[in-house]
Structure formats: structure tokens, C-alpha cells
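Structure record follows, encoded as C-alpha cells.
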Amino acid sequence: MKIDGKELQKWGLKPGPVYSVLMDTISRLDLHRKQAKNIVKSIMKDPSSYLGDSDWGDAAKLLMPPENKIIQLNEKGCPIKIYGGHLIEDGALNQIEIASKLPVSVQAAIMPDGHQGYGLPIGGVLATDNVVIPYAVGFDIACRMHLTVTDVEASCMEGMRGKLRNVLMNNTFFGTGCEQDGGNNDSIMDDDRFNIPSIKNLKGKALSALGSSGSGNHFVEYGKAKIDGIDGEWLAVLSHSGSRGFGYDIAKLYTSLATEKCKLPKVAQHLAWLSMDDEDGQEYWEAMNLAGDYAKACHNIIHRRIVKGIRCRVKVDYSNHHNFAWKDTIEVGGELKEVIIHRKGATPADCGVMGIIPSSMSTPAYLVEGKGCKDSLNSSSHGTGRMMSRKQAKETFTLSAMKKDLESKGIELIGGGLDECKDAYKDVDLVMEEQKEMVSIKGSFMPWMVRMAVERKKKW
């Protein structure tokens, strides 16, 4: 019998050149419909096994999956703006240079707190054309800062030290593996995006860590805040943390998908992307935004608990986030173009947008207002940036010197480690000087009582 294209389509074949090859072969061999269908289905399942067949080899070649060819980098990169280059290590500058040569890159920048990471450097900003790069967002998706200024005068803090310490200890939870009983519920857990098939199994993990903070440089601390437009100095709460294990697993899943689909030279392998036109890219975008809302909910819970424990009122609060991607429109070659802006360890600084730039456990953080600097892709630093690795810091500094520094400034540290001492970080005032065209300072926060995860000793 004669087999036509409609019949082949019923068997699951997509239209294409293979249709005519199969129809000619089936007709030449004079196969019955059932026999032809079984052979075609077999070729579709494993075309490689038919490549040497004298009858079906040509059809098998056409049904082979496309080769994952290496996508070559451009010889010349897109425009890059470097802020505070003398503060940035060569490894980070090399990484932003490589990122600029991706064929999907449109514009790039690196903030003065920049230092080497994986793929895009920490402090790196990259605008791309219709693709999202999971590694350029990072594994701690939507890590954020949250500042709450209370109505408690700073002059009262010392007399409240015991109470404030108890409130901090009883209402903050830290570290990898920190799990709660799910009693810290929030409306975020009812979000429909938790039904995305690829991340549905992560909802329990998200619930167990809701309202907790991460390890490393994540913290919840009290400090003295001075804010423009508000007279006096006030007790404030500042927190830094992200989307916990929930965000990490999202990043891990979609980074794996990106590297499978997008083959790049080894030097750029961590910059594999997902197209916003593909289902995987759209799913990652939804999951990333959910992780962002989840991280915000975690901070809201922490600050709500502490304010309730202190029994104070809130004068004002601010928050911003980094390790994220945003859709935006920028000017390219005199024309407006929609792009995806990745800010890995950088934060939005559009005109009038408020942000928080922290430094270390014994140096001030700054409340800033964005100026909408086009060259920086409307971005600013997310902190001061590490000057040395955690291992280097532990080998270079001493606990006694760190304690002496904290005591001289009247700062109490709960948890934390030597790798987070101020000398492991860049000078905050130098970093702020390098981004005067991006932000203006609108307030300051000086740490007074800092809580971080307790450093866990390795088991040998």
C-alpha cells in the first residue's frame, strides 16, 4: 500500500526531507503498513543503529539528533565598563572579558567590589539578547539586603543589650541544613509556581527553611542608623541572606540543563544559556522569580519576629536584591532594545531606586539612591567585595586581632569566623568613591551586635 505524509505524521514524525526518503523506500520494498510502521518507529527510537543499513541508512541520517557543536566566542567583545579597576583582581577582569564575547552579549560592566567567581565574576553585570544564563545569576538566587529602622533611640541600645541579644538569638536561625517545623508559614507557600513540574519536589525544602538565614557572609545584626530626612540616630536591624537550599537546587537543575543544551568552549562553559523562547528558559525564569519572592518572604519573617520581640515600631524599611536577572530596555546603537540584565553580586541602581551596600562586621553599611547610570546598566555594587579568599583570610589574620578590632568599636559578635573579618574585604570608602556616578549616599548603618552562622569544624 502507498504511505503518504499524513500517515507518517500519525506515526510521530515531524515534517521534513525524511518524508520523501521514507516513502520512496517503503514503496520500493513494497512493505505492508504494519511492517513499515514498526520499522519507522524503530528507526525513530534509535536512528544510529540503522546508519549502515543499505535500505534505511539515508532516512536514519535525517533522523539523527543535531550535533551539539561548540558555539564559538566572538573575537571582539561587547562594550564593557570597568569601575575601580585597580581594586579588581585580574581573574575577575578576565571573566567579564570572556562573558562580553558570548554571541548573545549586548553590554557588560563590572562593579568596584568585583572579584573572581564562576562564569560571571562577582560584581559582574551582563545584558544579553533573549537568553538567560543561570550561572550569571548564581546559586544563591535573589540574595538580598533588608534594613528596618525602628523608633528606639540609639542611646537606649546599651541599656537594652540583654533583651536585644535574647530577641536576636530566639528569632534567627542560621546555616546549611537548618530546618524548622514549618510553623513559620507565609502566603508565598501558596504560590502556584511551586507546581512547576521540575521544582515541585522542592516545596518541602522551601517550607522547612522559611524564615532562616544562610551561612558564610549572611547575617542578621543590630546597628545604629542615620537616615537623611529622619532626625536622630536609631536602632536598626539589617539582614543579608538569599533563597536558601531551595534557590540552590533551582540553580543546580537549570545550570545542568543549560550546559547540556548550550555547548561553549571550556573557558566559557559556566556561561551556558537558556533561550527565553524555549520551555526550559521560561521555566527557569518563573522559578528564579519565585526564589526571589521566597527570599523576600524569609527576610520579612525575620524582621517581623524581631520587631515583635523588641515591641517597637518601624519608622521606615528598605530592601534590595542581587544574584538575579531582570528584563529591561536599553539603548543599543541609537535604538531601544529589550535585554536580560544579569546582576551577579550587583544590585539595581535605576534613578530614584533605593539600595543597601554593606561592608563587613565592623565597618559601616550605606543606604544609597540610584542615579540611573547607563554605562553601569543602572547598577551598583552589592557590597565591598572580598579582597582575599576565606582560606587566605584564615591563614593571614588572627582571632585575637579580630576580637580587638570589634571590642575597640563596641561591636558584639555572635557566631561568625575569621574569614569574615574586616581585613578580608575591600575598603568600603574606596568602593563607594568609585561608584559616585551610580549612587548617592542617603544614610548609614554602623553594626553593633552581629549574628552569623557558627563556623563548623571539619570532621577528619
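For the C-alpha cells, the naming scheme is as follows: chains receive sequential letters (A, B, ...) according to their order of presentation, residues are indexed from 1 within each chain, and ligands are indexed from 1 in presentation order.
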Using DSSP secondary structure from the backbone, list all helix (DSSP H, G or I) positions within segment 271-433 of chain A, as an NGL selection string. :A and (271 or 279-310 or 390-396 or 399-408 or 418-420 or 422-424 or 428-433)
When DSSP works through the backbone of this structure, what residues of segment 189-433 of chain A end up as strand (DSSP E or B), shown as JSON, numbers by chain? {"A": [213, 219, 220, 221, 222, 223, 224, 225, 226, 227, 234, 235, 236, 237, 238, 239, 240, 241, 274, 275, 314, 315, 316, 317, 318, 319, 320, 321, 324, 325, 326, 327, 328, 329, 330, 331, 332, 335, 336, 337, 338, 339, 340, 341, 342, 343, 344, 346, 347, 348, 354, 355, 356, 357, 365, 366, 367, 368, 369, 370, 379, 380, 381, 386, 412, 413, 414, 415, 416, 425]}
I'd like the contact shell of His382 of chain A - 7 Å cut-off, only C-alpha atoms, skipping same-chain residues fewer than 2 positions apart - returned as a ChimeraX atom specification. /A:322,345-347,357,380
Go ahead and dump the residues you just picked, N, CA and C atoms, as a PDB file, in the first residue's frame.
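Okay, selection14.pdb is ready:
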```pdb
ATOM      1  N   HIS A 322      20.312  41.053  44.814  1.00  0.00           N
ATOM      2  CA  HIS A 322      21.305  40.815  43.772  1.00  0.00           C
ATOM      3  C   HIS A 322      21.200  39.348  43.362  1.00  0.00           C
ATOM      4  N   GLY A 345      26.022  39.537  42.152  1.00  0.00           N
ATOM      5  CA  GLY A 345      26.765  40.330  43.118  1.00  0.00           C
ATOM      6  C   GLY A 345      26.761  41.793  42.736  1.00  0.00           C
ATOM      7  N   ALA A 346      25.696  42.246  42.108  1.00  0.00           N
ATOM      8  CA  ALA A 346      25.482  43.660  41.795  1.00  0.00           C
ATOM      9  C   ALA A 346      23.994  43.913  41.987  1.00  0.00           C
ATOM     10  N   THR A 347      23.619  45.164  42.167  1.00  0.00           N
ATOM     11  CA  THR A 347      22.236  45.456  42.523  1.00  0.00           C
ATOM     12  C   THR A 347      21.677  46.590  41.667  1.00  0.00           C
ATOM     13  N   ILE A 357      24.206  48.987  50.609  1.00  0.00           N
ATOM     14  CA  ILE A 357      25.534  48.451  50.302  1.00  0.00           C
ATOM     15  C   ILE A 357      26.264  48.190  51.612  1.00  0.00           C
ATOM     16  N   SER A 380      24.800  49.050  40.703  1.00  0.00           N
ATOM     17  CA  SER A 380      25.849  49.443  41.641  1.00  0.00           C
ATOM     18  C   SER A 380      26.366  48.183  42.315  1.00  0.00           C
TER      19      SER A 380
END
```
All residues 8 Å or closer to Met388 of chain A, only C-alpha atoms, same chain fewer than 3 positions away omitted, as a list of chain:residue names: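 Residues near the query, excluding close chain neighbours: A:Gln392, A:Ala393, A:Ala424, A:Tyr425.
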Env of Ser319 of chain A: 8 Å cut, atoms = only C-alpha atoms, seq-sep filter 5 positions within chain, self excluded. Answer as a PyMOL selection string. chain A and resi 144-147+354-356
Exercise: Leu430 of chain A partners within 12 Å, only C-alpha atoms, chain neighbours under 2 positions left out, as a ChimeraX atom specification: /A:83-88,112-113,359,383-385,425-428,432-436
Can you pull out every residue within 6 Å of Val339 of chain A, counting only C-alpha atoms, but drop anything in the same chain fewer than 5 positions away, and send it as JSON, numbers by chain? {"A": [127, 128, 129, 327, 328, 329]}
Measuring atom to atom with only C-alpha atoms, identify which of A:Lys442, A:Gly211, A:Ile411, A:Gly117 is nearest to Ser389 of chain A. A:Gly117
Which residue gives the smallest distance to Met169 of chain A among A:Ala108, A:Arg305, A:Leu126, A:Arg28, with only C-alpha atoms counted?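 Closest to Met169 of chain A, using only C-alpha atoms: A:Arg305.
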Between atom CA of Val104 of chain A and atom CA of Leu73 of chain A - distance in Å to one decimal: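 Those two atoms sit 9.5 Å apart.
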By how many Å are atom CA of Ala236 of chain A and atom CA of Cys421 of chain A apart?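 One can read the atom CA of Ala236 of chain A to atom CA of Cys421 of chain A distance as 21.5 Å.
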If I take atom CA of Gly247 of chain A and atom CA of Val220 of chain A, how far is one from the other in Å, to one decimal?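 Between atom CA of Gly247 of chain A and atom CA of Val220 of chain A the gap is 19.5 Å.
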Given only C-alpha atoms as the counted atoms, nearest of A:Ile341, A:Cys351, A:Ala287, A:Val316 to Lys203 of chain A: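 Checking each candidate against Lys203 of chain A, we get A:Ala287 as the closest.
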Hey, which of A:Gly52, A:Gly417, A:Gly12, A:Pro348 ends up closest to Lys391 of chain A? Count only C-alpha atoms.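 Closest to Lys391 of chain A of all the choices is A:Gly417.
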Would you mind telling me which residue in A:Tyr284, A:Phe397, A:Phe445, A:Tyr318 lies nearest to Pro197 of chain A when using only C-alpha atoms? A:Tyr284
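The residue that comes closest to Ala206 of chain A, out of A:Leu164, A:Ile133, A:Cys298, A:Ala325 and on the basis of only C-alpha atoms, is A:Cys298.
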